[in-house]
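Heads up, target39.txt below (compact mmCIF, C-alpha atoms):
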```txt
# COMPACT_ATOMS: atom_id res chain seq x y z
CA MET A 1 -116.65 154.99 -12.46
CA SER A 2 -117.06 153.00 -15.68
CA SER A 3 -116.85 149.44 -16.97
CA LEU A 4 -113.96 147.75 -18.72
CA LEU A 5 -116.51 145.93 -20.83
CA THR A 6 -117.17 147.29 -24.32
CA SER A 7 -119.70 144.52 -24.91
CA PRO A 8 -121.48 141.88 -22.81
CA MET A 9 -119.40 139.29 -20.98
CA VAL A 10 -120.26 135.93 -22.52
CA ASP A 11 -119.85 132.27 -21.57
CA LEU A 12 -117.83 130.76 -24.42
CA ASP A 13 -119.25 127.29 -23.81
CA THR A 14 -122.94 128.18 -24.00
CA GLY A 15 -123.08 131.63 -25.59
CA ALA A 16 -125.02 132.94 -22.58
CA VAL A 17 -124.55 136.56 -21.51
CA ILE A 18 -123.10 136.65 -17.98
CA ALA A 19 -122.77 140.39 -17.31
CA HIS A 20 -123.30 143.78 -18.93
CA PRO A 21 -121.15 146.92 -18.84
CA ALA A 22 -122.18 149.60 -16.38
CA LEU A 23 -121.05 153.04 -15.27
CA VAL A 24 -121.78 155.71 -12.70
CA ASP A 25 -122.09 158.97 -14.65
CA PRO A 26 -120.84 162.38 -13.43
CA THR A 27 -124.25 163.09 -11.88
CA GLY A 28 -123.99 159.97 -9.73
CA VAL A 29 -126.60 158.00 -11.70
CA LEU A 30 -126.01 154.32 -12.38
CA ARG A 31 -126.29 153.44 -16.08
CA ALA A 32 -126.69 149.68 -16.28
CA ALA A 33 -128.63 146.98 -18.06
CA PRO A 34 -130.51 144.35 -16.04
CA LEU A 35 -128.29 142.38 -13.69
CA PRO A 36 -125.57 141.35 -13.41
CA MET A 37 -123.20 144.21 -14.19
CA MET A 38 -119.48 144.89 -14.15
CA LEU A 39 -117.68 148.07 -13.15
CA ASP A 40 -114.04 149.03 -13.36
CA LEU A 41 -112.61 150.06 -9.96
CA PRO A 42 -109.18 151.71 -10.26
CA MET A 43 -106.83 150.53 -7.55
CA HIS A 44 -105.95 154.06 -6.47
CA LEU A 45 -109.64 154.80 -5.92
CA ALA A 46 -110.17 151.63 -3.90
CA LEU A 47 -107.22 152.55 -1.68
CA SER A 48 -108.42 156.14 -1.17
CA GLY A 49 -110.74 155.26 1.70
CA ALA A 50 -114.40 154.47 2.23
CA GLY A 51 -115.48 157.98 1.25
CA ALA A 52 -114.17 157.54 -2.29
CA LEU A 53 -116.56 154.62 -2.84
CA ALA A 54 -119.59 156.31 -1.31
CA PRO A 55 -120.86 157.55 -4.72
CA LEU A 56 -120.90 153.95 -5.99
CA HIS A 57 -122.88 152.68 -3.00
CA GLU A 58 -125.30 155.59 -3.29
CA ALA A 59 -125.75 155.11 -7.05
CA LEU A 60 -126.72 151.47 -6.52
CA ARG A 61 -129.09 152.39 -3.71
CA ARG A 62 -130.83 155.05 -5.79
CA ALA A 63 -131.15 152.64 -8.71
CA GLY A 64 -132.70 149.97 -6.50
CA ARG A 65 -129.82 147.58 -7.16
CA HIS A 66 -127.98 145.38 -4.69
CA PRO A 67 -124.17 145.08 -4.45
CA ARG A 68 -124.42 141.33 -5.13
CA GLU A 69 -125.56 142.26 -8.67
CA ALA A 70 -122.22 143.99 -9.37
CA ILE A 71 -118.75 142.66 -10.15
CA LEU A 72 -116.05 145.19 -9.27
CA LEU A 73 -112.90 144.64 -11.32
CA LEU A 74 -109.86 146.23 -9.66
CA THR A 75 -107.26 147.50 -12.11
CA GLY A 76 -103.79 148.84 -11.47
CA ALA A 77 -100.86 147.98 -9.26
CA CYS A 78 -100.74 147.61 -5.49
CA GLY A 79 -97.46 148.37 -3.72
CA ASP A 80 -96.11 146.21 -0.93
CA GLN A 81 -96.86 148.88 1.67
CA GLU A 82 -100.48 149.05 0.46
CA ARG A 83 -101.23 145.35 0.81
CA PRO A 84 -102.69 145.51 4.34
CA LEU A 85 -104.97 148.37 3.32
CA LEU A 86 -106.11 146.52 0.19
CA LYS A 87 -107.07 143.49 2.29
CA VAL A 88 -109.20 145.71 4.53
CA VAL A 89 -110.85 147.31 1.48
CA LEU A 90 -111.61 143.96 -0.16
CA ASP A 91 -112.99 142.48 3.05
CA GLY A 92 -115.25 145.51 3.43
CA LEU A 93 -116.55 145.39 -0.14
CA ARG A 94 -117.13 141.64 0.09
CA SER A 95 -119.04 142.01 3.37
CA ILE A 96 -121.36 144.50 1.65
CA GLY A 97 -122.06 141.93 -1.05
CA TYR A 98 -119.95 142.91 -4.06
CA LEU A 99 -118.29 140.26 -6.23
CA LEU A 100 -114.63 141.17 -6.70
CA GLY A 101 -112.10 140.61 -9.44
CA PHE A 102 -108.72 141.76 -10.76
CA GLY A 103 -107.97 143.08 -14.23
CA GLY A 104 -104.79 143.01 -16.32
CA VAL A 105 -103.73 139.68 -14.82
CA GLY A 106 -100.71 138.09 -16.45
CA THR A 107 -98.67 141.15 -17.41
CA GLY A 108 -98.99 143.55 -14.52
CA GLY A 109 -101.34 144.72 -11.81
CA VAL A 110 -101.55 142.69 -8.63
CA ALA A 111 -99.01 139.96 -7.80
CA PHE A 112 -100.17 136.34 -7.95
CA ASP A 113 -99.67 135.71 -4.24
CA LEU A 114 -101.85 138.72 -3.38
CA ILE A 115 -104.50 137.52 -5.81
CA ALA A 116 -104.47 134.06 -4.24
CA GLY A 117 -104.90 135.52 -0.77
CA SER A 118 -107.79 137.77 -1.85
CA ALA A 119 -110.20 134.97 -2.95
CA PRO A 120 -111.49 136.88 -6.02
CA TYR A 121 -114.54 135.88 -8.03
CA LEU A 122 -112.98 136.80 -11.41
CA LEU A 123 -109.56 137.20 -13.02
CA ALA A 124 -109.43 139.18 -16.27
CA LEU A 125 -106.43 138.49 -18.46
CA ASP A 126 -104.55 141.42 -19.94
CA ALA A 127 -106.15 142.36 -23.29
CA ASP A 128 -102.79 142.54 -25.10
CA LEU A 129 -101.96 139.06 -23.82
CA VAL A 130 -105.25 137.74 -25.24
CA SER A 131 -104.53 139.31 -28.63
CA ARG A 132 -101.20 137.44 -28.81
CA ILE A 133 -102.35 134.03 -27.56
CA PRO A 134 -103.24 132.36 -30.90
CA GLY A 135 -99.78 132.75 -32.43
CA ASP A 136 -97.46 133.17 -29.43
CA HIS A 137 -96.72 130.11 -27.30
CA ARG A 138 -95.17 132.32 -24.61
CA ALA A 139 -98.34 134.38 -24.24
CA ALA A 140 -100.33 131.13 -24.13
CA ALA A 141 -98.07 129.84 -21.35
CA VAL A 142 -98.74 132.95 -19.25
CA ALA A 143 -102.50 132.64 -19.80
CA ARG A 144 -102.32 128.95 -18.87
CA ALA A 145 -100.62 129.89 -15.60
CA VAL A 146 -103.44 132.34 -14.80
CA VAL A 147 -106.04 129.65 -15.54
CA SER A 148 -104.19 127.23 -13.25
CA LEU A 149 -104.12 129.86 -10.50
CA ALA A 150 -107.84 130.53 -10.94
CA ARG A 151 -108.72 126.87 -10.66
CA GLY A 152 -106.66 126.58 -7.52
CA ILE A 153 -108.44 129.46 -5.78
CA GLY A 154 -111.94 128.92 -7.21
CA ALA A 155 -112.15 131.90 -9.58
CA HIS A 156 -113.44 132.47 -13.11
CA VAL A 157 -111.12 133.66 -15.91
CA MET A 158 -112.17 136.22 -18.53
CA ALA A 159 -110.53 137.00 -21.87
CA PRO A 160 -111.11 140.68 -22.74
CA GLY A 161 -110.99 142.31 -26.17
CA VAL A 162 -111.74 139.17 -28.20
CA GLU A 163 -111.95 140.02 -31.91
CA ARG A 164 -111.29 136.82 -33.88
CA ASP A 165 -112.40 133.19 -34.03
CA ALA A 166 -108.80 132.15 -33.42
CA GLN A 167 -108.82 133.95 -30.07
CA VAL A 168 -112.05 132.21 -29.07
CA ALA A 169 -110.59 128.81 -29.98
CA ALA A 170 -107.34 129.54 -28.17
CA ALA A 171 -109.13 130.76 -25.05
CA ARG A 172 -111.33 127.65 -24.97
CA GLY A 173 -108.29 125.44 -25.41
CA LEU A 174 -106.69 127.02 -22.36
CA GLY A 175 -109.81 126.55 -20.24
CA VAL A 176 -110.99 130.18 -20.29
CA ARG A 177 -114.78 130.27 -19.92
CA LEU A 178 -115.65 133.97 -20.17
CA ALA A 179 -114.87 136.64 -22.75
CA HIS A 180 -115.91 140.02 -24.07
CA GLY A 181 -114.89 142.16 -27.00
CA PRO A 182 -116.00 143.17 -30.50
CA MET A 183 -117.01 139.58 -31.35
CA MET A 184 -119.52 139.63 -28.49
CA ALA A 185 -121.18 142.90 -29.49
CA PRO A 186 -124.94 142.46 -30.01
CA GLY A 187 -126.09 142.30 -33.64
CA PRO A 188 -128.86 144.40 -35.18
CA ASP A 189 -131.42 142.13 -33.51
CA GLY A 190 -129.84 142.70 -30.10
CA LYS A 191 -128.59 139.10 -29.82
CA VAL A 192 -125.03 138.04 -29.06
CA ARG A 193 -123.61 135.31 -31.27
CA VAL A 194 -120.59 133.28 -30.29
CA PRO A 195 -119.17 130.34 -32.27
CA LEU A 196 -119.96 127.40 -29.98
CA PRO A 197 -117.87 124.23 -29.70
CA THR A 198 -118.60 121.53 -32.25
CA PRO A 199 -120.95 118.99 -30.62
CA ASP A 200 -119.91 115.37 -30.30
CA GLU A 201 -122.15 113.45 -32.72
CA SER A 202 -120.54 110.04 -32.40
CA PRO A 203 -122.96 107.07 -32.07
CA ASP A 204 -122.01 106.54 -28.42
CA SER A 205 -122.65 110.19 -27.63
CA LEU A 206 -126.01 110.20 -29.41
CA MET A 207 -127.15 107.14 -27.43
CA LEU A 208 -126.42 108.95 -24.17
CA GLY A 209 -128.55 111.93 -25.17
CA PRO A 210 -127.76 115.65 -25.10
CA ARG A 211 -125.67 117.14 -22.34
CA VAL A 212 -127.65 118.76 -19.54
CA GLN A 213 -126.36 122.24 -20.46
CA GLU A 214 -128.55 121.96 -23.58
CA LEU A 215 -131.63 121.42 -21.36
CA LEU A 216 -130.68 124.16 -18.93
CA ILE A 217 -133.25 126.64 -17.64
CA PRO A 218 -132.47 129.58 -15.30
CA ALA A 219 -132.46 128.80 -11.62
CA VAL A 220 -134.24 130.96 -9.06
CA THR A 221 -131.55 131.62 -6.47
CA LEU A 222 -131.35 133.24 -3.06
CA PRO A 223 -128.35 133.84 -0.78
CA ALA A 224 -127.61 130.88 1.48
CA GLU A 225 -128.52 132.99 4.52
CA ALA A 226 -131.95 134.03 3.14
CA ARG A 227 -134.97 133.74 5.42
CA ALA A 228 -137.82 131.36 4.74
CA ASP A 229 -140.25 134.22 4.11
CA GLN A 230 -137.97 135.41 1.28
CA ALA A 231 -138.28 131.97 -0.29
CA ILE A 232 -142.06 132.13 0.13
CA GLU A 233 -142.03 135.42 -1.75
CA ALA A 234 -139.87 133.93 -4.52
CA PHE A 235 -142.24 130.99 -5.01
CA GLY A 236 -145.19 133.37 -4.94
CA HIS A 237 -143.96 135.38 -7.92
CA GLU A 238 -144.54 132.58 -10.42
CA PRO A 239 -146.47 129.30 -10.01
CA THR A 240 -144.18 127.48 -12.48
CA ILE A 241 -141.13 127.84 -10.19
CA THR A 242 -140.38 124.31 -9.00
CA SER A 243 -137.35 125.02 -6.83
CA VAL A 244 -135.28 127.75 -5.22
CA ILE A 245 -131.54 127.17 -4.99
CA LEU A 246 -129.62 128.66 -2.06
CA VAL A 247 -126.15 129.79 -3.12
CA ASP A 248 -123.11 131.26 -1.42
CA GLU A 249 -121.34 134.47 -2.42
CA TYR A 250 -119.66 132.68 -5.33
CA GLN A 251 -122.92 131.18 -6.64
CA ARG A 252 -122.07 127.69 -5.40
CA PRO A 253 -125.22 125.73 -4.46
CA LYS A 254 -125.64 125.14 -0.73
CA GLY A 255 -129.26 123.99 -0.50
CA SER A 256 -132.32 123.19 -2.59
CA LEU A 257 -135.89 124.08 -1.70
CA ASP A 258 -138.42 121.89 -3.49
CA ARG A 259 -141.64 123.83 -4.02
CA SER A 260 -144.06 121.15 -2.80
CA ARG A 261 -142.16 120.10 0.32
CA PHE A 262 -141.20 123.63 1.29
CA LEU A 263 -144.66 125.14 0.94
CA LEU A 264 -146.18 122.13 2.70
CA SER A 265 -143.93 122.81 5.69
CA ILE A 266 -144.94 126.48 5.68
CA ALA A 267 -148.65 125.67 5.29
CA ALA A 268 -148.64 123.26 8.23
CA ARG A 269 -150.07 124.39 11.53
CA TYR A 270 -147.89 127.18 12.92
CA GLY A 271 -145.56 126.60 9.94
CA HIS A 272 -145.07 130.25 9.06
CA ALA A 273 -144.66 131.25 12.68
CA LEU A 274 -142.07 128.53 13.21
CA HIS A 275 -140.06 129.04 10.04
CA GLY A 276 -140.88 132.37 8.37
CA ALA A 277 -138.27 134.56 10.06
CA LYS A 278 -135.63 131.82 10.29
CA PRO A 279 -133.06 130.74 7.68
CA ALA A 280 -134.62 128.91 4.75
CA VAL A 281 -131.70 126.49 4.73
CA ARG A 282 -133.29 124.78 7.75
CA LEU A 283 -135.96 123.44 5.37
CA ALA A 284 -133.59 122.83 2.44
CA ASP A 285 -132.29 119.54 1.09
CA PRO A 286 -128.71 119.09 -0.10
CA PRO A 287 -128.54 120.24 -3.73
CA ARG A 288 -128.40 117.43 -6.28
CA THR A 289 -125.71 118.68 -8.65
CA VAL A 290 -124.59 117.44 -12.04
CA PRO A 291 -121.74 118.89 -14.13
CA ARG A 292 -122.91 120.76 -17.24
CA THR A 293 -121.34 118.11 -19.53
CA THR A 294 -123.35 115.24 -18.01
CA PRO A 295 -125.36 113.33 -20.68
CA ALA A 296 -129.13 113.03 -20.20
CA ILE A 297 -128.96 109.28 -19.48
CA ALA A 298 -126.39 109.78 -16.71
CA ALA A 299 -128.42 112.67 -15.26
CA MET A 300 -131.48 110.41 -15.13
CA GLN A 301 -129.46 107.84 -13.23
CA ALA A 302 -128.36 110.55 -10.78
CA ALA A 303 -131.98 111.61 -10.31
CA GLY A 304 -133.03 108.07 -9.46
CA ARG A 305 -130.51 107.47 -6.69
CA ASP A 306 -132.81 108.87 -4.01
CA ALA A 307 -136.35 107.52 -4.38
CA SER A 308 -137.75 110.22 -2.09
CA ARG A 309 -136.44 113.00 -4.34
CA VAL A 310 -136.62 111.40 -7.76
CA TYR A 311 -138.50 114.36 -9.30
CA ASP A 312 -136.45 117.13 -7.65
CA ASP A 313 -134.75 119.55 -10.03
CA LEU A 314 -131.06 118.87 -10.71
CA VAL A 315 -128.67 121.78 -10.25
CA VAL A 316 -126.28 122.13 -13.18
CA THR A 317 -122.80 123.33 -12.23
CA ASP A 318 -119.69 124.51 -14.04
CA GLU A 319 -116.11 123.38 -13.49
CA LEU A 320 -115.90 125.51 -10.34
CA ASN A 321 -119.16 124.14 -8.88
CA ARG A 322 -121.04 127.38 -9.67
CA CYS A 323 -124.77 127.14 -10.29
CA LEU A 324 -125.50 127.60 -14.00
CA GLY A 325 -129.20 126.75 -13.77
CA ILE A 326 -131.45 123.74 -13.27
CA VAL A 327 -132.70 120.80 -15.30
CA ARG A 328 -136.16 119.42 -14.63
CA VAL A 329 -136.46 115.66 -14.48
CA SER A 330 -139.54 115.82 -16.74
CA ASP A 331 -137.34 117.28 -19.49
CA LEU A 332 -134.82 114.47 -19.00
CA ILE A 333 -137.58 111.88 -19.26
CA ARG A 334 -138.73 113.35 -22.56
CA GLN A 335 -135.21 113.35 -23.95
CA VAL A 336 -134.53 109.75 -22.89
CA ALA A 337 -137.87 108.63 -24.32
CA ALA A 338 -137.02 110.31 -27.63
CA ILE A 339 -133.66 108.50 -27.76
CA ARG A 340 -135.29 105.10 -27.19
CA SER A 341 -138.24 105.59 -29.53
```

Take the structure in the file and write it out as structure tokens.
Amino acid sequence: MSSLLTSPMVDLDTGAVIAHPALVDPTGVLRAAPLPMMLDLPMHLALSGAGALAPLHEALRRAGRHPREAILLLTGACGDQERPLLKVVLDGLRSIGYLLGFGGVGTGGVAFDLIAGSAPYLLALDADLVSRIPGDHRAAAVARAVVSLARGIGAHVMAPGVERDAQVAAARGLGVRLAHGPMMAPGPDGKVRVPLPTPDESPDSLMLGPRVQELLIPAVTLPAEARADQAIEAFGHEPTITSVILVDEYQRPKGSLDRSRFLLSIAARYGHALHGAKPAVRLADPPRTVPRTTPAIAAMQAAGRDASRVYDDLVVTDELNRCLGIVRVSDLIRQVAAIRS
């Protein structure tokens, strides 16, 4: 089992690496960079029964990796008579924790109605379609239809095999966020370089400050069903962690644990006994989210709406309400002060 990726999967808006290629070699050993990872799962293998996927599960277990760190991209067609079986397979893989996607979307593979009913995490356009998008309005129309479908069902879209600046620009124009291909291959220094969108440097934009995605720092996340003692362990790893964000299977924020308030609850008399083995969400506040394009001034205004949580971290989200990271209010204050000085 290998990966469709020939290079890292990259966010075209920020240049951040989202996933790395991975494979399970003939000896059953998982070859993968640090999480997350993506693996190609041929449709015929997925439909062959649970035993056919046992080597994958075992490879992850032996490598100390969790299924939630892997995106399985199903490739190939699914016949009408195989649809009920595919639903059972997908439900089983999702219950284990895998993120699921479909490859070759737009020119073949799985029908749109089956995709819509499968609630995938990722849709990968057909690579040949991506190569034709810049100069072929018909190919662009097909890609636009896939993007519209993805938005309707809450999925990401990936453009594979990107080789030229024109493909990057065309993909962005269609609303495609993710891509991989020769352009995203790491350079000699190991870094991935992607031409980023031209920033808005108009006077009005400058007065509002940078967008929060420029102040983004990684969020410490746990599954929404995590226990309180797991959150205690997360905070214990690093004293600079100011929050833990609880997310669902699609990385959408469902709760926010502020370090001070959470640990104070645990440190109270009988606090650990009362809460340690129970869901952490019981002690969580609703996440305070801001879209990634929110200017610093507007984010400061959002932070000040609740006086009791004015210094809580803000959760930065993408267009599909997925957690991209956090912004600390102290960083916003510095940026706003710099604008006004």

With all atoms of range 100-105 of chain A from the file as input, state the centre and edge lengths in Å to one decimal of the axis-aligned box that has 3 Å extra on each side, as JSON.
```
{"center_x": -109.2, "center_y": 141.4, "center_z": -11.5, "size_x": 16.9, "size_y": 9.4, "size_z": 15.6}
```

Exercise. Contacts of Ala155 in chain A at 9 Å or less, counting all atoms listed in the file, minus same-chain residues fewer than 6 places along, as a ChimeraX atom specification?
Worked result: /A:101,119-123,147,149,250,320

Problem set entry | Minimum-distance residue to Arg261 in chain A, chosen among A:Thr75, A:Thr289, A:Ser308, A:Ser131 (using all atoms listed in the file) | A:Ser308

If we count only C-alpha atoms and set the cut-off at 9 Å, which residues sit around Ile133 in chain A, ignoring sequence neighbours fewer than 3 positions away in its own chain? Please answer as a short mmCIF file (atom, residue, chain, number, x, y, z; two decimals) with C-alpha atoms, in the frame of the given file.
```cif
data_model
loop_
_atom_site.label_atom_id
_atom_site.label_comp_id
_atom_site.auth_asym_id
_atom_site.auth_seq_id
_atom_site.Cartn_x
_atom_site.Cartn_y
_atom_site.Cartn_z
CA ASP A 128 -102.79 142.54 -25.10
CA LEU A 129 -101.96 139.06 -23.82
CA VAL A 130 -105.25 137.74 -25.24
CA ASP A 136 -97.46 133.17 -29.43
CA HIS A 137 -96.72 130.11 -27.30
CA ARG A 138 -95.17 132.32 -24.61
CA ALA A 139 -98.34 134.38 -24.24
CA ALA A 140 -100.33 131.13 -24.13
CA ALA A 141 -98.07 129.84 -21.35
CA ALA A 143 -102.50 132.64 -19.80
CA ALA A 166 -108.80 132.15 -33.42
CA GLN A 167 -108.82 133.95 -30.07
CA ALA A 170 -107.34 129.54 -28.17
CA ALA A 171 -109.13 130.76 -25.05
#
```

Exercise. Which of these, A:Val10, A:Ala46, A:Val316, A:Ala296, has the shortest distance to Val336 in chain A once you count only C-alpha atoms?
Worked result: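 Selected residue with least distance to Val336 in chain A: A:Ala296.
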
For this session: Find, counting only C-alpha atoms, the residue in A:Ala150, A:Ala127, A:Ala284, A:Ile297 that gets nearest to Leu263 in chain A.
Result: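 Distance minimum relative to Leu263 in chain A lands on A:Ala284.
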
Problem set entry | Non-local contacts of Thr221 in chain A (8 Å; all atoms listed in the file; under 4 positions in same chain excluded) as a ChimeraX atom specification | /A:244-247

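Across A:Ile217, A:Leu39, A:Ile96, A:Ala298, the tightest approach to Ile71 in chain A is made by A:Leu39 when counting only C-alpha atoms.
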
Exercise. Of the candidates A:Met158, A:Val146, A:Met9, A:Ala52, which shows the shortest atom-to-atom distance to Met183 in chain A, using all atoms listed in the file?
Worked result: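 For Met183 in chain A, the nearest of the given residues is A:Met9.
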
Exercise. From the list A:Ala219, A:Ala228, A:Ala16, A:Pro287, which residue is nearest Thr240 in chain A when using only C-alpha atoms?
Worked result: A:Ala219

Exercise. If you measure from CA of Asp189 in chain A to CA of Ala22 in chain A, what distance in Å do you get, rounded to one decimal?
Worked result: 20.8 Å

Exercise. At what distance in Å, to one decimal, does CA of Pro160 in chain A lie from CA of Ser7 in chain A?
Worked result: 9.7 Å

For this session: Identify, on the basis of all atoms listed in the file, every residue whose closest approach to range 212-216 of chain A does not exceed 9 Å; exclude the query and any residue fewer than 4 positions from it along the same chain; express the result as a list in words.
Result: Thr14, Val290, Pro291, Arg292, Thr293, Thr294, Pro295, Ala296, Ala299, Val316, Leu324, Gly325, Ile326, Val327, Arg328, Asp331 and Leu332 of chain A

Please identify all polymer residues within 9 Å of Leu60 in chain A, counting all atoms listed in the file, omitting same-chain residues fewer than 4 positions from it, and present them as a PDB file with C-alpha atoms, in the coordinates of the input.
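After the write, around.pdb holds the following:
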```
ATOM      1  CA  VAL A  24    -121.780 155.710 -12.700  1.00  0.00           C
ATOM      2  CA  VAL A  29    -126.600 158.000 -11.700  1.00  0.00           C
ATOM      3  CA  LEU A  30    -126.010 154.320 -12.380  1.00  0.00           C
ATOM      4  CA  PRO A  55    -120.860 157.550  -4.720  1.00  0.00           C
ATOM      5  CA  LEU A  56    -120.900 153.950  -5.990  1.00  0.00           C
ATOM      6  CA  GLY A  64    -132.700 149.970  -6.500  1.00  0.00           C
ATOM      7  CA  ARG A  65    -129.820 147.580  -7.160  1.00  0.00           C
ATOM      8  CA  HIS A  66    -127.980 145.380  -4.690  1.00  0.00           C
ATOM      9  CA  PRO A  67    -124.170 145.080  -4.450  1.00  0.00           C
TER      10      PRO A  67
END
```
